[in-house]
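Enquirer: File structure_38.csv follows (CSV, C-alpha atoms):
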chain,number,residue,atom,x,y,z
U,27,MET,CA,0.0,0.0,0.0
U,28,SER,CA,1.3,3.4,-0.9
U,29,SER,CA,1.8,5.9,2.0
U,30,ARG,CA,1.5,8.8,-0.4
U,31,TRP,CA,-1.3,11.2,0.7
U,32,THR,CA,-3.3,12.6,-2.2
U,33,PHE,CA,-5.7,15.6,-2.3
U,34,GLN,CA,-8.5,13.3,-3.2
U,35,SER,CA,-8.0,10.9,-0.3
U,36,ALA,CA,-7.8,13.9,2.1
U,37,TRP,CA,-11.0,15.3,0.8
U,38,ALA,CA,-12.7,11.9,1.2
U,39,LEU,CA,-11.9,11.9,4.9
U,40,SER,CA,-12.8,15.5,5.6
U,41,PRO,CA,-16.1,16.1,7.4
U,42,SER,CA,-19.0,17.4,5.4
U,43,GLN,CA,-20.5,20.8,6.2
U,44,SER,CA,-23.5,19.2,7.8
U,45,GLN,CA,-21.2,17.3,10.1
U,46,ILE,CA,-19.4,20.5,11.0
U,47,ASP,CA,-22.7,22.2,11.8
U,48,SER,CA,-23.8,19.3,13.8
U,49,ALA,CA,-20.6,19.3,15.8
U,50,LYS,CA,-20.9,23.0,16.5
U,51,LEU,CA,-24.5,22.5,17.7
U,52,ASP,CA,-23.4,19.7,20.0
U,53,PHE,CA,-20.6,21.8,21.4
U,54,ALA,CA,-22.9,24.8,22.0
U,55,ARG,CA,-25.3,22.5,23.9
U,56,TRP,CA,-22.5,21.1,26.0
U,57,MET,CA,-21.3,24.6,26.9
U,58,ARG,CA,-24.8,25.6,27.9
U,59,SER,CA,-25.1,22.5,30.1
U,60,ALA,CA,-21.7,23.1,31.6
U,61,ALA,CA,-22.6,26.7,32.4
U,62,PHE,CA,-25.9,25.6,34.0
U,63,ILE,CA,-24.1,23.0,36.2
U,64,LEU,CA,-21.5,25.6,37.2
U,65,MET,CA,-24.2,28.1,38.1
U,66,VAL,CA,-26.1,25.5,40.2
U,67,PHE,CA,-22.8,24.6,41.9
U,68,LEU,CA,-21.9,28.2,42.7
U,69,SER,CA,-25.4,29.0,44.0
U,70,ALA,CA,-25.3,26.0,46.3
U,71,ALA,CA,-21.8,26.6,47.6
U,72,PRO,CA,-21.5,28.3,50.9
U,73,ALA,CA,-20.7,32.0,50.8
U,74,ILE,CA,-17.0,32.8,51.5
U,75,ALA,CA,-16.7,35.3,54.3
U,76,ARG,CA,-15.2,38.5,53.2
U,77,ASP,CA,-12.2,39.8,55.1
U,78,ARG,CA,-12.3,42.7,57.5
U,79,TRP,CA,-12.0,45.9,55.4
U,80,THR,CA,-8.5,47.4,55.2
U,81,ALA,CA,-8.0,50.8,56.7
U,82,GLU,CA,-7.7,52.1,53.1
U,83,LYS,CA,-11.0,50.7,52.1
U,84,ALA,CA,-12.8,51.9,55.2
U,85,ASN,CA,-11.4,55.4,54.7
U,86,ALA,CA,-12.4,55.4,51.1
U,87,TRP,CA,-15.9,54.4,52.0
U,88,TYR,CA,-16.2,57.1,54.7
U,89,GLY,CA,-14.8,59.7,52.3
U,90,ALA,CA,-17.7,59.0,50.0
U,91,GLN,CA,-20.3,59.6,52.8
U,92,ALA,CA,-21.9,62.8,54.0
U,93,TRP,CA,-20.8,63.5,57.6
U,94,PRO,CA,-23.0,61.0,59.6
U,95,VAL,CA,-25.2,62.9,62.1
U,96,GLY,CA,-28.3,61.5,63.7
U,97,SER,CA,-30.0,59.9,66.7
U,98,ASP,CA,-30.4,56.6,68.3
U,99,TYR,CA,-34.0,56.1,67.3
U,100,ILE,CA,-37.2,54.6,68.5
U,101,PRO,CA,-40.7,56.2,67.9
U,102,ALA,CA,-42.4,57.9,70.8
U,103,ASP,CA,-45.2,55.3,70.9
U,104,ALA,CA,-42.8,52.3,71.5
U,105,ILE,CA,-41.3,51.3,74.8
U,106,ASN,CA,-38.7,49.0,73.3
U,107,GLN,CA,-37.6,47.1,70.2
U,108,MET,CA,-40.5,44.6,70.4
U,109,GLU,CA,-43.1,47.3,70.4
U,110,MET,CA,-41.4,49.2,67.6
U,111,TRP,CA,-41.3,46.2,65.2
U,112,GLN,CA,-44.1,43.7,66.0
U,113,GLY,CA,-46.9,43.7,63.5
U,114,ASP,CA,-49.6,44.9,66.0
U,115,THR,CA,-47.7,47.9,67.1
U,116,PHE,CA,-45.5,48.9,64.1
U,117,ASP,CA,-46.5,52.5,63.3
U,118,PRO,CA,-45.2,53.7,60.0
U,119,LYS,CA,-47.2,57.0,60.2
U,120,ARG,CA,-45.6,58.0,63.4
U,121,ILE,CA,-42.1,57.0,62.1
U,122,ASP,CA,-42.7,59.1,59.0
U,123,LEU,CA,-43.7,62.1,61.1
U,124,GLU,CA,-40.7,61.8,63.4
U,125,LEU,CA,-38.1,61.2,60.7
U,126,GLY,CA,-39.4,64.3,59.0
U,127,TRP,CA,-38.5,66.2,62.1
U,128,ALA,CA,-35.0,64.7,62.0
U,129,GLU,CA,-34.7,65.6,58.3
U,130,GLY,CA,-35.5,69.2,59.2
U,131,LEU,CA,-32.4,69.2,61.4
U,132,GLY,CA,-30.1,67.9,58.6
U,133,MET,CA,-29.8,64.5,60.2
U,134,ASN,CA,-28.9,61.8,57.7
U,135,THR,CA,-28.7,58.7,59.8
U,136,MET,CA,-30.5,56.9,62.7
U,137,ARG,CA,-29.2,54.1,64.8
U,138,VAL,CA,-32.0,51.6,65.1
U,139,PHE,CA,-32.2,48.4,67.2
U,140,LEU,CA,-33.5,45.1,66.0
U,141,HIS,CA,-34.1,41.9,68.0
U,142,ASP,CA,-33.4,38.2,67.5
U,143,LEU,CA,-36.8,37.1,68.9
U,144,LEU,CA,-38.5,39.2,66.2
U,145,TRP,CA,-36.8,37.2,63.6
U,146,GLN,CA,-37.7,33.9,65.3
U,147,GLN,CA,-41.3,35.1,65.7
U,148,ASP,CA,-42.1,36.2,62.1
U,149,ARG,CA,-39.1,36.3,59.7
U,150,ASP,CA,-41.1,37.3,56.7
U,151,GLY,CA,-43.2,39.9,58.5
U,152,PHE,CA,-40.2,41.3,60.3
U,153,GLU,CA,-38.2,41.7,57.0
U,154,LYS,CA,-41.2,43.5,55.4
U,155,ARG,CA,-41.4,45.9,58.3
U,156,VAL,CA,-37.7,46.6,58.1
U,157,ASP,CA,-38.0,47.2,54.4
U,158,ALA,CA,-40.9,49.6,55.0
U,159,PHE,CA,-38.9,51.4,57.6
U,160,LEU,CA,-36.0,51.8,55.2
U,161,ALA,CA,-38.4,53.2,52.6
U,162,ILE,CA,-39.6,55.8,55.0
U,163,ALA,CA,-36.1,56.7,56.0
U,164,GLU,CA,-35.0,57.0,52.4
U,165,LYS,CA,-37.9,59.4,51.8
U,166,HIS,CA,-36.3,61.6,54.4
U,167,HIS,CA,-32.7,61.2,53.0
U,168,ILE,CA,-31.8,59.1,56.1
U,169,ARG,CA,-29.6,56.0,55.9
U,170,PRO,CA,-29.9,54.0,59.2
U,171,MET,CA,-27.3,52.0,61.1
U,172,LEU,CA,-29.0,48.8,62.2
U,173,VAL,CA,-28.1,47.2,65.5
U,174,LEU,CA,-28.4,43.4,65.8
U,175,PHE,CA,-27.7,42.6,69.5
U,176,ASP,CA,-27.8,44.7,72.7
U,177,SER,CA,-26.7,43.8,76.2
U,178,CYS,CA,-28.4,46.7,78.0
U,179,TRP,CA,-31.3,46.6,80.5
U,180,ASP,CA,-33.8,43.7,80.9
U,181,PRO,CA,-32.1,40.4,80.3
U,182,PHE,CA,-35.4,38.5,80.0
U,183,PRO,CA,-37.0,39.7,76.7
U,184,LYS,CA,-40.5,38.4,75.8
U,185,LEU,CA,-42.5,38.7,72.6
U,186,GLY,CA,-46.1,39.9,72.6
U,187,PRO,CA,-47.6,42.9,74.4
U,188,GLN,CA,-45.0,44.9,76.4
U,189,HIS,CA,-45.6,46.3,79.9
U,190,PRO,CA,-46.3,50.1,80.2
U,191,PRO,CA,-43.5,52.4,81.3
U,192,ILE,CA,-42.7,52.4,84.9
U,193,PRO,CA,-43.5,56.0,86.2
U,194,GLY,CA,-40.5,58.2,86.6
U,195,VAL,CA,-37.9,55.7,85.3
U,196,HIS,CA,-35.5,55.9,82.5
U,197,ASN,CA,-35.8,53.3,79.7
U,198,SER,CA,-37.9,51.0,81.9
U,199,GLY,CA,-38.9,48.6,79.2
U,200,TRP,CA,-35.8,48.1,77.1
U,201,VAL,CA,-34.8,44.5,76.6
U,202,GLN,CA,-31.6,42.7,75.8
U,203,SER,CA,-30.8,40.6,72.7
U,204,PRO,CA,-29.9,37.9,73.1
U,205,GLY,CA,-31.4,37.5,76.5
U,206,ALA,CA,-29.4,36.0,79.4
U,207,ARG,CA,-30.8,32.5,78.9
U,208,ALA,CA,-29.8,32.4,75.2
U,209,LEU,CA,-26.4,33.8,75.9
U,210,GLU,CA,-25.8,31.0,78.5
U,211,THR,CA,-27.1,28.3,76.2
U,212,PRO,CA,-24.8,27.3,73.3
U,213,SER,CA,-27.6,25.2,71.7
U,214,ASP,CA,-29.3,28.6,71.0
U,215,TYR,CA,-26.3,29.8,69.0
U,216,PRO,CA,-27.4,28.2,65.7
U,217,ARG,CA,-30.6,30.2,66.0
U,218,LEU,CA,-28.6,33.4,66.5
U,219,GLU,CA,-26.4,32.5,63.6
U,220,GLU,CA,-29.5,32.1,61.4
U,221,TYR,CA,-30.8,35.5,62.5
U,222,VAL,CA,-27.5,37.3,61.8
U,223,LYS,CA,-27.0,35.6,58.4
U,224,GLY,CA,-30.6,36.0,57.5
U,225,ILE,CA,-31.2,39.7,58.3
U,226,VAL,CA,-27.7,40.9,57.1
U,227,GLY,CA,-28.0,38.7,54.0
U,228,ARG,CA,-31.4,40.0,53.2
U,229,PHE,CA,-30.2,43.6,53.1
U,230,ALA,CA,-26.5,43.0,52.4
U,231,LYS,CA,-26.6,45.0,49.1
U,232,ASP,CA,-29.1,47.6,50.2
U,233,LYS,CA,-27.7,51.1,49.7
U,234,ARG,CA,-30.4,52.5,52.1
U,235,ILE,CA,-28.4,51.1,55.0
U,236,LEU,CA,-25.3,53.0,56.2
U,237,ALA,CA,-23.8,50.3,58.4
U,238,TRP,CA,-24.4,47.3,60.7
U,239,ASP,CA,-23.7,47.6,64.5
U,240,LEU,CA,-23.4,44.0,65.5
U,241,TRP,CA,-23.6,44.3,69.3
U,242,ASN,CA,-24.3,47.3,71.5
U,243,GLU,CA,-22.3,47.4,74.7
U,244,PRO,CA,-21.8,43.6,74.6
U,245,ASP,CA,-20.2,43.2,78.1
U,246,ASN,CA,-22.5,45.7,79.9
U,247,ASP,CA,-23.4,44.1,83.3
U,248,ASN,CA,-26.1,46.7,84.0
U,249,GLY,CA,-24.5,47.9,87.2
U,250,GLY,CA,-23.6,44.6,88.6
U,251,ALA,CA,-25.2,43.5,91.9
U,252,THR,CA,-26.5,47.0,92.7
U,253,GLY,CA,-27.8,47.8,89.2
U,254,ALA,CA,-31.4,47.7,87.9
U,255,TYR,CA,-30.9,44.3,86.3
U,256,GLY,CA,-27.3,43.5,87.1
U,257,ARG,CA,-28.2,41.0,89.8
U,258,PHE,CA,-29.9,38.9,87.1
U,259,GLU,CA,-27.0,38.9,84.7
U,260,PRO,CA,-24.8,35.7,84.2
U,261,LYS,CA,-21.7,35.8,86.3
U,262,ASP,CA,-19.6,34.9,83.2
U,263,LYS,CA,-21.4,37.3,80.8
U,264,ALA,CA,-18.2,39.0,79.6
U,265,ALA,CA,-16.5,35.6,79.0
U,266,ASN,CA,-19.5,34.3,77.1
U,267,VAL,CA,-19.6,37.5,75.0
U,268,ALA,CA,-15.9,37.3,74.3
U,269,LYS,CA,-16.4,33.8,72.8
U,270,LEU,CA,-19.6,34.7,70.9
U,271,LEU,CA,-18.8,38.2,69.5
U,272,PRO,CA,-16.1,37.0,67.0
U,273,GLN,CA,-18.5,34.4,65.7
U,274,VAL,CA,-21.1,37.2,65.2
U,275,PHE,CA,-18.7,39.1,63.1
U,276,ALA,CA,-17.8,36.0,61.1
U,277,TRP,CA,-21.5,35.2,60.5
U,278,ALA,CA,-22.2,38.7,59.3
U,279,ARG,CA,-19.1,38.7,57.0
U,280,SER,CA,-20.1,35.3,55.5
U,281,VAL,CA,-23.0,36.9,53.6
U,282,ASP,CA,-20.7,39.5,52.1
U,283,PRO,CA,-22.4,42.8,53.1
U,284,GLU,CA,-21.5,45.9,51.2
U,285,GLN,CA,-22.0,48.0,54.3
U,286,PRO,CA,-19.3,48.2,57.0
U,287,LEU,CA,-19.5,46.3,60.3
U,288,THR,CA,-18.8,47.7,63.7
U,289,SER,CA,-19.4,47.3,67.4
U,290,GLY,CA,-18.8,50.3,69.6
U,291,VAL,CA,-16.4,50.4,72.6
U,292,TRP,CA,-18.1,52.1,75.5
U,293,THR,CA,-16.1,51.8,78.7
U,294,GLY,CA,-12.7,51.4,80.1
U,295,ASP,CA,-9.2,52.5,79.0
U,296,TRP,CA,-8.6,52.4,75.2
U,297,SER,CA,-5.2,54.1,75.2
U,298,THR,CA,-3.3,50.9,74.7
U,299,ASP,CA,-4.1,47.3,73.8
U,300,ASP,CA,-2.9,46.0,77.1
U,301,ALA,CA,-5.1,48.5,79.0
U,302,MET,CA,-8.4,47.6,77.4
U,303,SER,CA,-10.7,44.6,78.1
U,304,ALA,CA,-10.8,41.5,76.0
U,305,VAL,CA,-14.2,42.4,74.6
U,306,ALA,CA,-13.0,45.9,73.7
U,307,ARG,CA,-10.0,44.4,71.9
U,308,ILE,CA,-12.3,42.2,69.9
U,309,GLN,CA,-14.6,45.1,69.0
U,310,LEU,CA,-11.7,47.3,67.8
U,311,ASN,CA,-9.9,44.5,65.9
U,312,GLU,CA,-13.0,43.2,64.1
U,313,SER,CA,-14.7,46.4,63.2
U,314,ASP,CA,-14.4,47.8,59.6
U,315,VAL,CA,-15.1,51.3,61.0
U,316,ILE,CA,-14.5,52.2,64.7
U,317,SER,CA,-17.5,53.2,66.8
U,318,PHE,CA,-17.6,54.3,70.4
U,319,HIS,CA,-19.8,55.8,73.1
U,320,ASN,CA,-19.1,58.9,75.2
U,321,TYR,CA,-21.5,60.7,77.6
U,322,SER,CA,-18.9,62.8,79.3
U,323,TRP,CA,-17.6,66.3,79.2
U,324,PRO,CA,-16.2,67.7,75.9
U,325,GLU,CA,-12.6,67.3,77.1
U,326,GLU,CA,-13.1,63.6,77.7
U,327,PHE,CA,-14.9,63.3,74.3
U,328,GLU,CA,-11.9,64.8,72.5
U,329,LYS,CA,-9.5,62.6,74.5
U,330,ARG,CA,-11.3,59.5,73.4
U,331,ILE,CA,-11.2,60.5,69.8
U,332,VAL,CA,-7.4,61.0,70.0
U,333,GLU,CA,-7.0,57.6,71.6
U,334,LEU,CA,-8.9,55.9,68.8
U,335,GLU,CA,-7.2,57.8,66.0
U,336,ARG,CA,-4.2,55.4,66.2
U,337,TYR,CA,-6.3,52.8,64.3
U,338,HIS,CA,-6.4,55.1,61.2
U,339,ARG,CA,-10.0,54.2,60.5
U,340,PRO,CA,-13.2,56.2,60.4
U,341,LEU,CA,-14.7,57.0,63.7
U,342,ILE,CA,-18.4,57.2,64.5
U,343,CYS,CA,-19.7,58.1,68.0
U,344,THR,CA,-22.8,56.1,68.2
U,345,GLU,CA,-24.0,57.3,71.6
U,346,TYR,CA,-23.5,60.7,73.2
U,347,MET,CA,-25.5,63.7,74.6
U,348,ALA,CA,-26.5,63.3,78.2
U,349,ARG,CA,-27.1,66.9,79.4
U,350,GLY,CA,-26.9,66.1,83.1
U,351,ALA,CA,-23.6,64.2,82.6
U,352,GLY,CA,-21.9,67.1,80.7
U,353,SER,CA,-22.4,65.9,77.2
U,354,THR,CA,-24.3,68.4,75.1
U,355,PHE,CA,-25.0,69.3,71.5
U,356,ASP,CA,-23.5,72.8,72.2
U,357,GLN,CA,-20.1,71.5,73.1
U,358,THR,CA,-19.7,68.0,71.8
U,359,LEU,CA,-21.1,68.2,68.2
U,360,PRO,CA,-18.6,70.9,67.1
U,361,ILE,CA,-15.7,68.7,68.3
U,362,ALA,CA,-17.1,65.8,66.3
U,363,LYS,CA,-17.3,67.9,63.2
U,364,LYS,CA,-13.7,69.3,63.8
U,365,TYR,CA,-12.4,65.7,63.8
U,366,LYS,CA,-14.8,64.5,61.1
U,367,VAL,CA,-16.2,62.0,63.6
U,368,GLY,CA,-19.8,60.8,63.0
U,369,ALA,CA,-22.1,61.8,65.7
U,370,ILE,CA,-25.3,59.9,66.8
U,371,ASN,CA,-26.9,61.2,70.0
U,372,TRP,CA,-29.2,59.1,72.2
U,373,GLY,CA,-32.8,59.9,71.6
U,374,LEU,CA,-34.9,61.9,69.1
U,375,VAL,CA,-38.4,62.3,70.5
U,376,ALA,CA,-39.6,62.0,74.1
U,377,GLY,CA,-41.9,59.1,74.5
U,378,LYS,CA,-42.5,55.8,76.2
U,379,THR,CA,-38.8,55.1,76.7
U,380,GLN,CA,-38.7,58.1,79.1
U,381,THR,CA,-35.0,58.6,78.4
U,382,TYR,CA,-35.4,62.3,79.0
U,383,LEU,CA,-35.1,61.2,82.7
U,384,PRO,CA,-31.6,60.5,84.1
U,385,TRP,CA,-30.0,57.1,84.7
U,386,ASP,CA,-30.4,57.5,88.5
U,387,SER,CA,-34.1,57.4,88.1
U,388,TRP,CA,-33.7,53.6,88.5
U,389,GLN,CA,-32.7,54.3,92.1
U,390,HIS,CA,-34.9,57.4,92.6
U,391,PRO,CA,-37.9,57.5,90.3
U,392,TYR,CA,-38.8,61.1,89.2
U,393,ILE,CA,-42.5,60.8,89.9
U,394,LEU,CA,-43.3,64.0,91.8
U,395,ASP,CA,-40.1,66.0,91.3
U,396,LYS,CA,-39.2,66.3,87.6
U,397,PRO,CA,-35.6,66.7,86.6
U,398,THR,CA,-34.4,70.3,86.1
U,399,VAL,CA,-32.7,69.3,82.8
U,400,TRP,CA,-33.8,66.7,80.3
U,401,PHE,CA,-31.2,63.9,80.1
U,402,HIS,CA,-31.7,62.8,76.4
U,403,GLU,CA,-34.0,63.6,73.5
U,404,VAL,CA,-34.3,66.5,71.0
U,405,PHE,CA,-38.1,67.0,70.6
U,406,ARG,CA,-41.1,66.8,72.7
U,407,THR,CA,-43.8,64.3,71.7
U,408,ASP,CA,-45.6,67.0,69.6
U,409,GLY,CA,-42.4,67.9,67.7
U,410,THR,CA,-41.5,71.1,69.4
U,411,PRO,CA,-37.8,71.3,70.3
U,412,TYR,CA,-36.8,70.9,74.0
U,413,ARG,CA,-34.3,73.7,73.4
U,414,GLU,CA,-34.6,75.9,70.4
U,415,ARG,CA,-31.0,76.9,70.6
U,416,GLU,CA,-29.9,73.2,70.3
U,417,VAL,CA,-31.9,72.9,67.1
U,418,GLU,CA,-30.2,76.0,65.7
U,419,ILE,CA,-26.8,74.6,66.5
U,420,ILE,CA,-27.5,71.2,64.9
U,421,ARG,CA,-28.9,72.9,61.8
U,422,SER,CA,-25.9,75.2,61.6
U,423,LEU,CA,-23.4,72.3,61.8
U,424,THR,CA,-25.3,70.2,59.3
U,425,GLY,CA,-25.7,73.0,56.9
U,426,VAL,CA,-29.5,73.2,57.0
U,427,PRO,CA,-31.0,76.8,56.6
U,428,SER,CA,-32.5,78.2,59.8
U,429,ASN,CA,-35.8,78.6,58.0
U,430,ALA,CA,-36.0,74.9,56.9
U,431,VAL,CA,-39.3,73.1,57.1
U,432,ARG,CA,-39.7,71.5,60.5
Can you present the structure in this file as structure tokens?

Expert:
Amino acid sequence: MSSRWTFQSAWALSPSQSQIDSAKLDFARWMRSAAFILMVFLSAAPAIARDRWTAEKANAWYGAQAWPVGSDYIPADAINQMEMWQGDTFDPKRIDLELGWAEGLGMNTMRVFLHDLLWQQDRDGFEKRVDAFLAIAEKHHIRPMLVLFDSCWDPFPKLGPQHPPIPGVHNSGWVQSPGARALETPSDYPRLEEYVKGIVGRFAKDKRILAWDLWNEPDNDNGGATGAYGRFEPKDKAANVAKLLPQVFAWARSVDPEQPLTSGVWTGDWSTDDAMSAVARIQLNESDVISFHNYSWPEEFEKRIVELERYHRPLICTEYMARGAGSTFDQTLPIAKKYKVGAINWGLVAGKTQTYLPWDSWQHPYILDKPTVWFHEVFRTDGTPYREREVEIIRSLTGVPSNAVR
């Protein structure tokens, strides 16, 4: 047999045009099938937790924001998180009214507390109400910071109707999340994980949200044995929190939120790593942006800012303004603006929380003798300012004209 290859023999072995077209069609079908299988695989694969933001990314994010100014917010007709969010008592008309007053001050954020039991009770309904709240806030050019957990006040939260305010007592109905029993019960942690991943994941790409505050004052023991609820707190509360808090950050990061994560340091010495508590170290080392609380005199407020500047990250004070303790709009807010520190004061409208009363009302209720000076809040329940001069100062610093609609 000859090994010589002829043009005719090559042509005879070449595929026909119909065979070529058929092969192309088969390849295209294979590619579509492969793409579908890859899509299914990727959608089923667990989300990869994003890293903590670098300082550069955090500062770039902050540089793109308006100066954050606002209040820790709950409507006047709610005593706590449950009453604000449960279906029977959620009040969008009141919220719309009050956020309108905030908008008139030039406020552009509100810090708003959620609760894990609300998620457990009615996930879909809770999400719809959060979405409705965000729509109202957006109408007023306000981007809230949402708080997932809180270690302050009553450690035994309950769903359903909430008790009325205790006469003369500051924040007499506020409840912790998670409650003491859940914090002490590791078998409850999967439920808490589902809550964190569920609510952060649902709104992870929502540009209406400024940031996530994962845990408010996590190691607060509420005054210990002599406090209002301290005697009911777990003895190892701080240790339990120190174990759980890093997991909470990991859960939140696992759903890849576009918004920054934080948890605010609130007590103790922050001047060096060795001086601060274990929980404070976790908060500062895990947060994308640094947040803190300060209810003291302006000199102390400025000192705290300087201490935290060594992290080279954006700073947001998520609680300040307690007139009787020396923290006021007049003196504190100008310092915050000077250092470009976000400023969120406790309380917008006087209502069922009664946080216009001082902290010591837990020991000495103000029933007959009213305090000389309001502790927190900007507005009375009808929307008139507690102090007109404060309103003028806030508007001046936020750049809102003095004749703005109120």

Enquirer: Could you give me, as a PDB file with C-alpha atoms, in the frame of the given file, the residues within 12 Å of Val404 in chain U, counting only C-alpha atoms and dropping anything in the same chain fewer than 3 positions from it?

Expert:
ATOM      1  CA  GLY U  96     -28.300  61.500  63.700  1.00  0.00           C
ATOM      2  CA  SER U  97     -30.000  59.900  66.700  1.00  0.00           C
ATOM      3  CA  ASP U  98     -30.400  56.600  68.300  1.00  0.00           C
ATOM      4  CA  TYR U  99     -34.000  56.100  67.300  1.00  0.00           C
ATOM      5  CA  ALA U 102     -42.400  57.900  70.800  1.00  0.00           C
ATOM      6  CA  GLU U 124     -40.700  61.800  63.400  1.00  0.00           C
ATOM      7  CA  TRP U 127     -38.500  66.200  62.100  1.00  0.00           C
ATOM      8  CA  ALA U 128     -35.000  64.700  62.000  1.00  0.00           C
ATOM      9  CA  LEU U 131     -32.400  69.200  61.400  1.00  0.00           C
ATOM     10  CA  MET U 133     -29.800  64.500  60.200  1.00  0.00           C
ATOM     11  CA  MET U 347     -25.500  63.700  74.600  1.00  0.00           C
ATOM     12  CA  ALA U 348     -26.500  63.300  78.200  1.00  0.00           C
ATOM     13  CA  ARG U 349     -27.100  66.900  79.400  1.00  0.00           C
ATOM     14  CA  THR U 354     -24.300  68.400  75.100  1.00  0.00           C
ATOM     15  CA  PHE U 355     -25.000  69.300  71.500  1.00  0.00           C
ATOM     16  CA  ILE U 370     -25.300  59.900  66.800  1.00  0.00           C
ATOM     17  CA  ASN U 371     -26.900  61.200  70.000  1.00  0.00           C
ATOM     18  CA  TRP U 372     -29.200  59.100  72.200  1.00  0.00           C
ATOM     19  CA  GLY U 373     -32.800  59.900  71.600  1.00  0.00           C
ATOM     20  CA  LEU U 374     -34.900  61.900  69.100  1.00  0.00           C
ATOM     21  CA  VAL U 375     -38.400  62.300  70.500  1.00  0.00           C
ATOM     22  CA  ALA U 376     -39.600  62.000  74.100  1.00  0.00           C
ATOM     23  CA  GLY U 377     -41.900  59.100  74.500  1.00  0.00           C
ATOM     24  CA  THR U 381     -35.000  58.600  78.400  1.00  0.00           C
ATOM     25  CA  TYR U 382     -35.400  62.300  79.000  1.00  0.00           C
ATOM     26  CA  TRP U 400     -33.800  66.700  80.300  1.00  0.00           C
ATOM     27  CA  PHE U 401     -31.200  63.900  80.100  1.00  0.00           C
ATOM     28  CA  THR U 407     -43.800  64.300  71.700  1.00  0.00           C
ATOM     29  CA  ASP U 408     -45.600  67.000  69.600  1.00  0.00           C
ATOM     30  CA  GLY U 409     -42.400  67.900  67.700  1.00  0.00           C
ATOM     31  CA  THR U 410     -41.500  71.100  69.400  1.00  0.00           C
ATOM     32  CA  PRO U 411     -37.800  71.300  70.300  1.00  0.00           C
ATOM     33  CA  TYR U 412     -36.800  70.900  74.000  1.00  0.00           C
ATOM     34  CA  ARG U 413     -34.300  73.700  73.400  1.00  0.00           C
ATOM     35  CA  GLU U 414     -34.600  75.900  70.400  1.00  0.00           C
ATOM     36  CA  ARG U 415     -31.000  76.900  70.600  1.00  0.00           C
ATOM     37  CA  GLU U 416     -29.900  73.200  70.300  1.00  0.00           C
ATOM     38  CA  VAL U 417     -31.900  72.900  67.100  1.00  0.00           C
ATOM     39  CA  GLU U 418     -30.200  76.000  65.700  1.00  0.00           C
ATOM     40  CA  ILE U 419     -26.800  74.600  66.500  1.00  0.00           C
ATOM     41  CA  ILE U 420     -27.500  71.200  64.900  1.00  0.00           C
TER      42      ILE U 420
END

Enquirer: What does the distance between CA of Asp180 in chain U and CA of Phe405 in chain U come to in Å, to one decimal place?

Expert: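 Rounded to one decimal, the two atoms are 25.8 Å apart.
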
Enquirer: Find the spatial neighbours of range 203-207 of chain U, counting all atoms listed in the file, within a cut-off of 9 Å - ignore same-chain residues fewer than 2 positions away - and output them as a list of chain:residue names.

Expert: U:Leu140, U:His141, U:Asp142, U:Leu143, U:Leu174, U:Phe175, U:Asp176, U:Ser177, U:Cys178, U:Asp180, U:Pro181, U:Phe182, U:Pro183, U:Val201, U:Leu209, U:Glu210, U:Thr211, U:Asp214, U:Leu218, U:Trp241, U:Phe258, U:Glu259, U:Pro260, U:Lys263

Enquirer: As an exercise, work out the distance from CA of Val222 in chain U to CA of Asp247 in chain U in Å and give it to one decimal place.

Expert: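 Between CA of Val222 in chain U and CA of Asp247 in chain U the gap works out to 22.9 Å.
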
Enquirer: What does the distance between CA of Phe116 in chain U and CA of Glu219 in chain U come to in Å, to one decimal place?

Expert: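 Calculated distance between CA of Phe116 in chain U and CA of Glu219 in chain U is 25.2 Å.
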
Enquirer: Using only C-alpha atoms, can you tell me which of U:Glu312, U:Val332, U:Glu403, U:Gly132 comes closest to Pro101 in chain U?

Expert: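 Of the candidates, the smallest distance to Pro101 in chain U is held by U:Glu403.
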
Enquirer: Under the rule that all atoms listed in the file are counted, which of U:Thr288, U:Gln309, U:Asn106, U:Gln146 is the nearest residue to Met171 in chain U?

Expert: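 The answer is U:Thr288, which sits nearest to Met171 in chain U.
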
Enquirer: Give me, as CSV, each residue of range 174-260 of chain U that comes within 12 Å of range 317-325 of chain U, together with its shortest interatomic pair and the distance in Å at one decimal, counting only C-alpha atoms, with rows ordered by chain and rising residue number.

Expert:
residue,atom,partner,partner_atom,distance
U:Ala237,CA,U:Ser317,CA,10.9
U:Trp238,CA,U:Ser317,CA,10.9
U:Asp239,CA,U:Ser317,CA,8.7
U:Leu240,CA,U:Ser317,CA,11.0
U:Trp241,CA,U:Ser317,CA,11.1
U:Asn242,CA,U:His319,CA,9.7
U:Glu243,CA,U:His319,CA,8.9

Enquirer: Now that the selection is made, can you save its residues with C-alpha atoms as an mmCIF file, in the frame of the given file?

Expert:
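Wrote out21.cif, looks like this:
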data_model
loop_
_atom_site.group_PDB
_atom_site.id
_atom_site.type_symbol
_atom_site.label_atom_id
_atom_site.label_comp_id
_atom_site.auth_asym_id
_atom_site.auth_seq_id
_atom_site.Cartn_x
_atom_site.Cartn_y
_atom_site.Cartn_z
ATOM 1 C CA ALA U 237 -23.800 50.300 58.400
ATOM 2 C CA TRP U 238 -24.400 47.300 60.700
ATOM 3 C CA ASP U 239 -23.700 47.600 64.500
ATOM 4 C CA LEU U 240 -23.400 44.000 65.500
ATOM 5 C CA TRP U 241 -23.600 44.300 69.300
ATOM 6 C CA ASN U 242 -24.300 47.300 71.500
ATOM 7 C CA GLU U 243 -22.300 47.400 74.700
#

Enquirer: Which residue gives the smallest distance to Asn134 in chain U among U:Trp93, U:Phe152, U:Phe327, U:Phe159, with all atoms listed in the file counted?

Expert: U:Trp93
